[in-house]
Amino acid sequence: MDRAATPRQNKRVTITDVARHAGVSTAAVSKVMRNAYGVSPAMQEKVKAAIAELGYRPHAAARGMRGRTYTIGVLLDNVRNAFFADILDGIQDELRDSEYTVLIGAAGFSPEGQAKTIRSMVDRQMDGLILIAPGTPRDEVLDTATSTPTVVLGHHDGSDTHDSVVDADDIGASLVVDHLVSLGHRDIALVSAPGTRSNRWKRTPEIVLTAGYLDAMERHGLSEHARVLHAAYSDEGGFKAGMALLTSGHPPTAVMTGADVAALGIYRAAHELGLRIPGDLSLVGYNNTALAALAPVQLTSVDQAGHTMGSTAARMLIERVEGRRDRAMQTTMTPRLVRRGTTAAPASR
């Protein structure tokens, strides 16, 4: 065996090893890897065969020094929200046949923790960032976006520095209220995330959702029945909100939430209190995750096309990373109501 042609297995394979194995220059290998113009099909085949035979993987730090690391950072607050899984599937599917690798940062709910994760992604020279409803102060996101291509999901605040993908949350809320009113409900409550004013995002999903709910209630002449309870988008947050609403002096006949995971917590609270869904309480979620369609649940929910949001965000980001577009864009998804078994006419009181 020619020892000069095959690197030792315990040594990291380098671009020089690939060039020697293919019988070409390192510059030729670099051109093939960059898909540069003017490389012949024969050269591409020879170099790609050598890369495959040697198992060569470019060193991320070295690629970063040359200008690109082919890594995309995705920020989310937790991994338990099933809607984030839909978004991540969309991102992965869009990038599956590309050279880009997706790295996920589950940073928790605190603005400080999220800001730390974003800085770490930038320090590691990731080519671009997708931030899912970030709690990080808006000024810091804008500053990051001036140097690192960034797409923000969820927040409706426009920007000249980052791209945005949003759902028409006000329309989504209106769809829910219209549906419940058509069934005969008047006492309709909303459970929404609390958000925070200190981060200077003015049009977060929960703010737009709440505005849409209040407008729809007013349109139906039900403003005096409107109730908004703030709770974390989690099973426990929904459970606590459900217990508070359903044990109040005048419990609602219907509850809509800003997330399916919170709706399931309300479902659990109703069960613990001996209430039937939809016999005693109609319940509507948001995001239409896989959980909503489970046979024992059959949750009526608003579909905001999480997979499409993710794939759209990834496509927009790569356009910016690769210099195919230099102007910021905002893309809006149109929600639709998916009716299932958790909504019905209210029981007579």
# chains A, B, ... in the order shown; residues from 1 in each chain; ligands from 1
>>> residues_around(residues="region 238-252 of chain A", least_positions_apart="2", cutoff="12 Å", atoms="only C-alpha atoms", output="MDAnalysis selection string")
chainID A and resid 180 185:194 225:236 254:276 280:283 285 346:347 349
>>> select_by_dssp(residues="region 116-232 of chain A", states="helix (DSSP H, G or I)", output="number ranges by chain")
A: 116-123, 138-145, 169-183, 197-199, 205-219, 223-225
>>> residues_around(residues="Pro137 (chain A)", least_positions_apart="4", cutoff="7 Å", atoms="only C-alpha atoms", output="number ranges by chain")
A: 111, 141, 199-200
>>> residues_around(residues="Met316 (chain A)", least_positions_apart="3", cutoff="8 Å", atoms="only C-alpha atoms", output="list in words")
Val151, Asp163, Thr312, Ala313, Glu319 and Arg320 of chain A
>>> write_last_selection(atoms="C-alpha atoms", output="PDB file, in the first residue's frame")
ATOM      1  CA  VAL A 151     -34.159  36.357  10.733  1.00  0.00           C
ATOM      2  CA  ASP A 163     -35.668  39.793   8.059  1.00  0.00           C
ATOM      3  CA  THR A 312     -39.232  30.396   4.736  1.00  0.00           C
ATOM      4  CA  ALA A 313     -36.919  31.727   7.451  1.00  0.00           C
ATOM      5  CA  GLU A 319     -30.322  34.666   0.536  1.00  0.00           C
ATOM      6  CA  ARG A 320     -28.732  37.210   2.869  1.00  0.00           C
TER       7      ARG A 320
END
>>> closest_residue(among="A:Arg124, A:Leu294, A:Asn288, A:Val176", to="Thr343 (chain A)", atoms="only C-alpha atoms")
A:Val176
>>> decode(residues="region 166-196 of chain A", atoms="N, CA, C and O atoms", output="mmCIF file, in the first residue's frame")
data_model
loop_
_atom_site.group_PDB
_atom_site.id
_atom_site.type_symbol
_atom_site.label_atom_id
_atom_site.label_comp_id
_atom_site.auth_asym_id
_atom_site.auth_seq_id
_atom_site.Cartn_x
_atom_site.Cartn_y
_atom_site.Cartn_z
ATOM 1 N N VAL A 166 -43.607 36.224 10.248
ATOM 2 C CA VAL A 166 -44.622 36.358 11.289
ATOM 3 C C VAL A 166 -45.915 35.668 10.866
ATOM 4 O O VAL A 166 -46.119 35.368 9.688
ATOM 5 N N ASP A 167 -46.774 35.435 11.856
ATOM 6 C CA ASP A 167 -48.130 34.976 11.595
ATOM 7 C C ASP A 167 -49.069 36.154 11.806
ATOM 8 O O ASP A 167 -48.806 37.010 12.659
ATOM 9 N N ALA A 168 -50.139 36.224 11.061
ATOM 10 C CA ALA A 168 -51.136 37.287 11.264
ATOM 11 C C ALA A 168 -51.939 36.931 12.513
ATOM 12 O O ALA A 168 -53.088 36.461 12.439
ATOM 13 N N ASP A 169 -51.322 37.148 13.685
ATOM 14 C CA ASP A 169 -51.910 36.701 14.946
ATOM 15 C C ASP A 169 -53.233 37.386 15.258
ATOM 16 O O ASP A 169 -54.101 36.801 15.916
ATOM 17 N N ASP A 170 -53.392 38.635 14.814
ATOM 18 C CA ASP A 170 -54.670 39.312 15.048
ATOM 19 C C ASP A 170 -55.802 38.620 14.289
ATOM 20 O O ASP A 170 -56.914 38.454 14.807
ATOM 21 N N ILE A 171 -55.502 38.183 13.067
ATOM 22 C CA ILE A 171 -56.496 37.445 12.287
ATOM 23 C C ILE A 171 -56.777 36.095 12.933
ATOM 24 O O ILE A 171 -57.928 35.641 12.999
ATOM 25 N N GLY A 172 -55.720 35.437 13.447
ATOM 26 C CA GLY A 172 -55.903 34.159 14.120
ATOM 27 C C GLY A 172 -56.840 34.276 15.313
ATOM 28 O O GLY A 172 -57.735 33.440 15.508
ATOM 29 N N ALA A 173 -56.658 35.327 16.120
ATOM 30 C CA ALA A 173 -57.533 35.543 17.273
ATOM 31 C C ALA A 173 -58.967 35.792 16.825
ATOM 32 O O ALA A 173 -59.928 35.293 17.429
ATOM 33 N N SER A 174 -59.116 36.557 15.757
ATOM 34 C CA SER A 174 -60.451 36.858 15.241
ATOM 35 C C SER A 174 -61.158 35.594 14.760
ATOM 36 O O SER A 174 -62.365 35.422 14.988
ATOM 37 N N LEU A 175 -60.422 34.689 14.135
ATOM 38 C CA LEU A 175 -61.011 33.429 13.683
ATOM 39 C C LEU A 175 -61.575 32.637 14.855
ATOM 40 O O LEU A 175 -62.663 32.042 14.764
ATOM 41 N N VAL A 176 -60.832 32.636 15.957
ATOM 42 C CA VAL A 176 -61.268 31.883 17.136
ATOM 43 C C VAL A 176 -62.532 32.503 17.735
ATOM 44 O O VAL A 176 -63.512 31.804 18.018
ATOM 45 N N VAL A 177 -62.509 33.820 17.933
ATOM 46 C CA VAL A 177 -63.667 34.489 18.536
ATOM 47 C C VAL A 177 -64.904 34.320 17.655
ATOM 48 O O VAL A 177 -66.000 34.009 18.140
ATOM 49 N N ASP A 178 -64.741 34.488 16.358
ATOM 50 C CA ASP A 178 -65.873 34.325 15.440
ATOM 51 C C ASP A 178 -66.457 32.911 15.549
ATOM 52 O O ASP A 178 -67.685 32.726 15.550
ATOM 53 N N HIS A 179 -65.587 31.928 15.622
ATOM 54 C CA HIS A 179 -66.034 30.538 15.723
ATOM 55 C C HIS A 179 -66.801 30.302 17.019
ATOM 56 O O HIS A 179 -67.906 29.718 17.008
ATOM 57 N N LEU A 180 -66.262 30.767 18.126
ATOM 58 C CA LEU A 180 -66.903 30.545 19.423
ATOM 59 C C LEU A 180 -68.232 31.294 19.531
ATOM 60 O O LEU A 180 -69.210 30.776 20.067
ATOM 61 N N VAL A 181 -68.261 32.520 19.006
ATOM 62 C CA VAL A 181 -69.518 33.287 19.024
ATOM 63 C C VAL A 181 -70.576 32.597 18.172
ATOM 64 O O VAL A 181 -71.756 32.552 18.533
ATOM 65 N N SER A 182 -70.148 32.028 17.044
ATOM 66 C CA SER A 182 -71.111 31.337 16.169
ATOM 67 C C SER A 182 -71.733 30.129 16.862
ATOM 68 O O SER A 182 -72.839 29.710 16.527
ATOM 69 N N LEU A 183 -71.021 29.584 17.861
ATOM 70 C CA LEU A 183 -71.538 28.449 18.617
ATOM 71 C C LEU A 183 -72.459 28.894 19.755
ATOM 72 O O LEU A 183 -73.125 28.058 20.377
ATOM 73 N N GLY A 184 -72.444 30.209 20.033
ATOM 74 C CA GLY A 184 -73.304 30.726 21.085
ATOM 75 C C GLY A 184 -72.585 31.211 22.329
ATOM 76 O O GLY A 184 -73.221 31.612 23.310
ATOM 77 N N HIS A 185 -71.250 31.220 22.312
ATOM 78 C CA HIS A 185 -70.479 31.655 23.484
ATOM 79 C C HIS A 185 -70.423 33.180 23.565
ATOM 80 O O HIS A 185 -70.348 33.872 22.539
ATOM 81 N N ARG A 186 -70.439 33.678 24.795
ATOM 82 C CA ARG A 186 -70.264 35.109 25.059
ATOM 83 C C ARG A 186 -69.122 35.338 26.059
ATOM 84 O O ARG A 186 -68.365 36.277 25.926
ATOM 85 N N ASP A 187 -69.022 34.451 27.058
ATOM 86 C CA ASP A 187 -67.962 34.563 28.060
ATOM 87 C C ASP A 187 -66.727 33.821 27.555
ATOM 88 O O ASP A 187 -66.525 32.632 27.836
ATOM 89 N N ILE A 188 -65.932 34.529 26.777
ATOM 90 C CA ILE A 188 -64.753 33.942 26.136
ATOM 91 C C ILE A 188 -63.508 34.596 26.733
ATOM 92 O O ILE A 188 -63.349 35.817 26.671
ATOM 93 N N ALA A 189 -62.636 33.790 27.323
ATOM 94 C CA ALA A 189 -61.408 34.314 27.930
ATOM 95 C C ALA A 189 -60.200 33.966 27.063
ATOM 96 O O ALA A 189 -60.215 32.986 26.307
ATOM 97 N N LEU A 190 -59.151 34.769 27.177
ATOM 98 C CA LEU A 190 -57.889 34.531 26.477
ATOM 99 C C LEU A 190 -56.787 34.301 27.504
ATOM 100 O O LEU A 190 -56.640 35.081 28.456
ATOM 101 N N VAL A 191 -56.014 33.233 27.314
ATOM 102 C CA VAL A 191 -54.802 32.996 28.098
ATOM 103 C C VAL A 191 -53.620 33.237 27.175
ATOM 104 O O VAL A 191 -53.450 32.547 26.166
ATOM 105 N N SER A 192 -52.814 34.246 27.517
ATOM 106 C CA SER A 192 -51.709 34.674 26.657
ATOM 107 C C SER A 192 -50.429 34.792 27.467
ATOM 108 O O SER A 192 -50.473 34.993 28.693
ATOM 109 N N ALA A 193 -49.300 34.674 26.807
ATOM 110 C CA ALA A 193 -48.008 34.839 27.483
ATOM 111 C C ALA A 193 -47.885 36.252 28.028
ATOM 112 O O ALA A 193 -48.407 37.201 27.434
ATOM 113 N N PRO A 194 -47.187 36.429 29.153
ATOM 114 C CA PRO A 194 -47.086 37.751 29.752
ATOM 115 C C PRO A 194 -46.210 38.713 28.967
ATOM 116 O O PRO A 194 -46.483 39.908 28.914
ATOM 117 N N GLY A 195 -45.160 38.186 28.331
ATOM 118 C CA GLY A 195 -44.240 39.084 27.633
ATOM 119 C C GLY A 195 -43.504 39.974 28.623
ATOM 120 O O GLY A 195 -43.638 39.834 29.840
ATOM 121 N N THR A 196 -42.713 40.901 28.118
ATOM 122 C CA THR A 196 -42.023 41.853 28.975
ATOM 123 C C THR A 196 -41.834 43.155 28.233
ATOM 124 O O THR A 196 -41.459 43.171 27.062
#
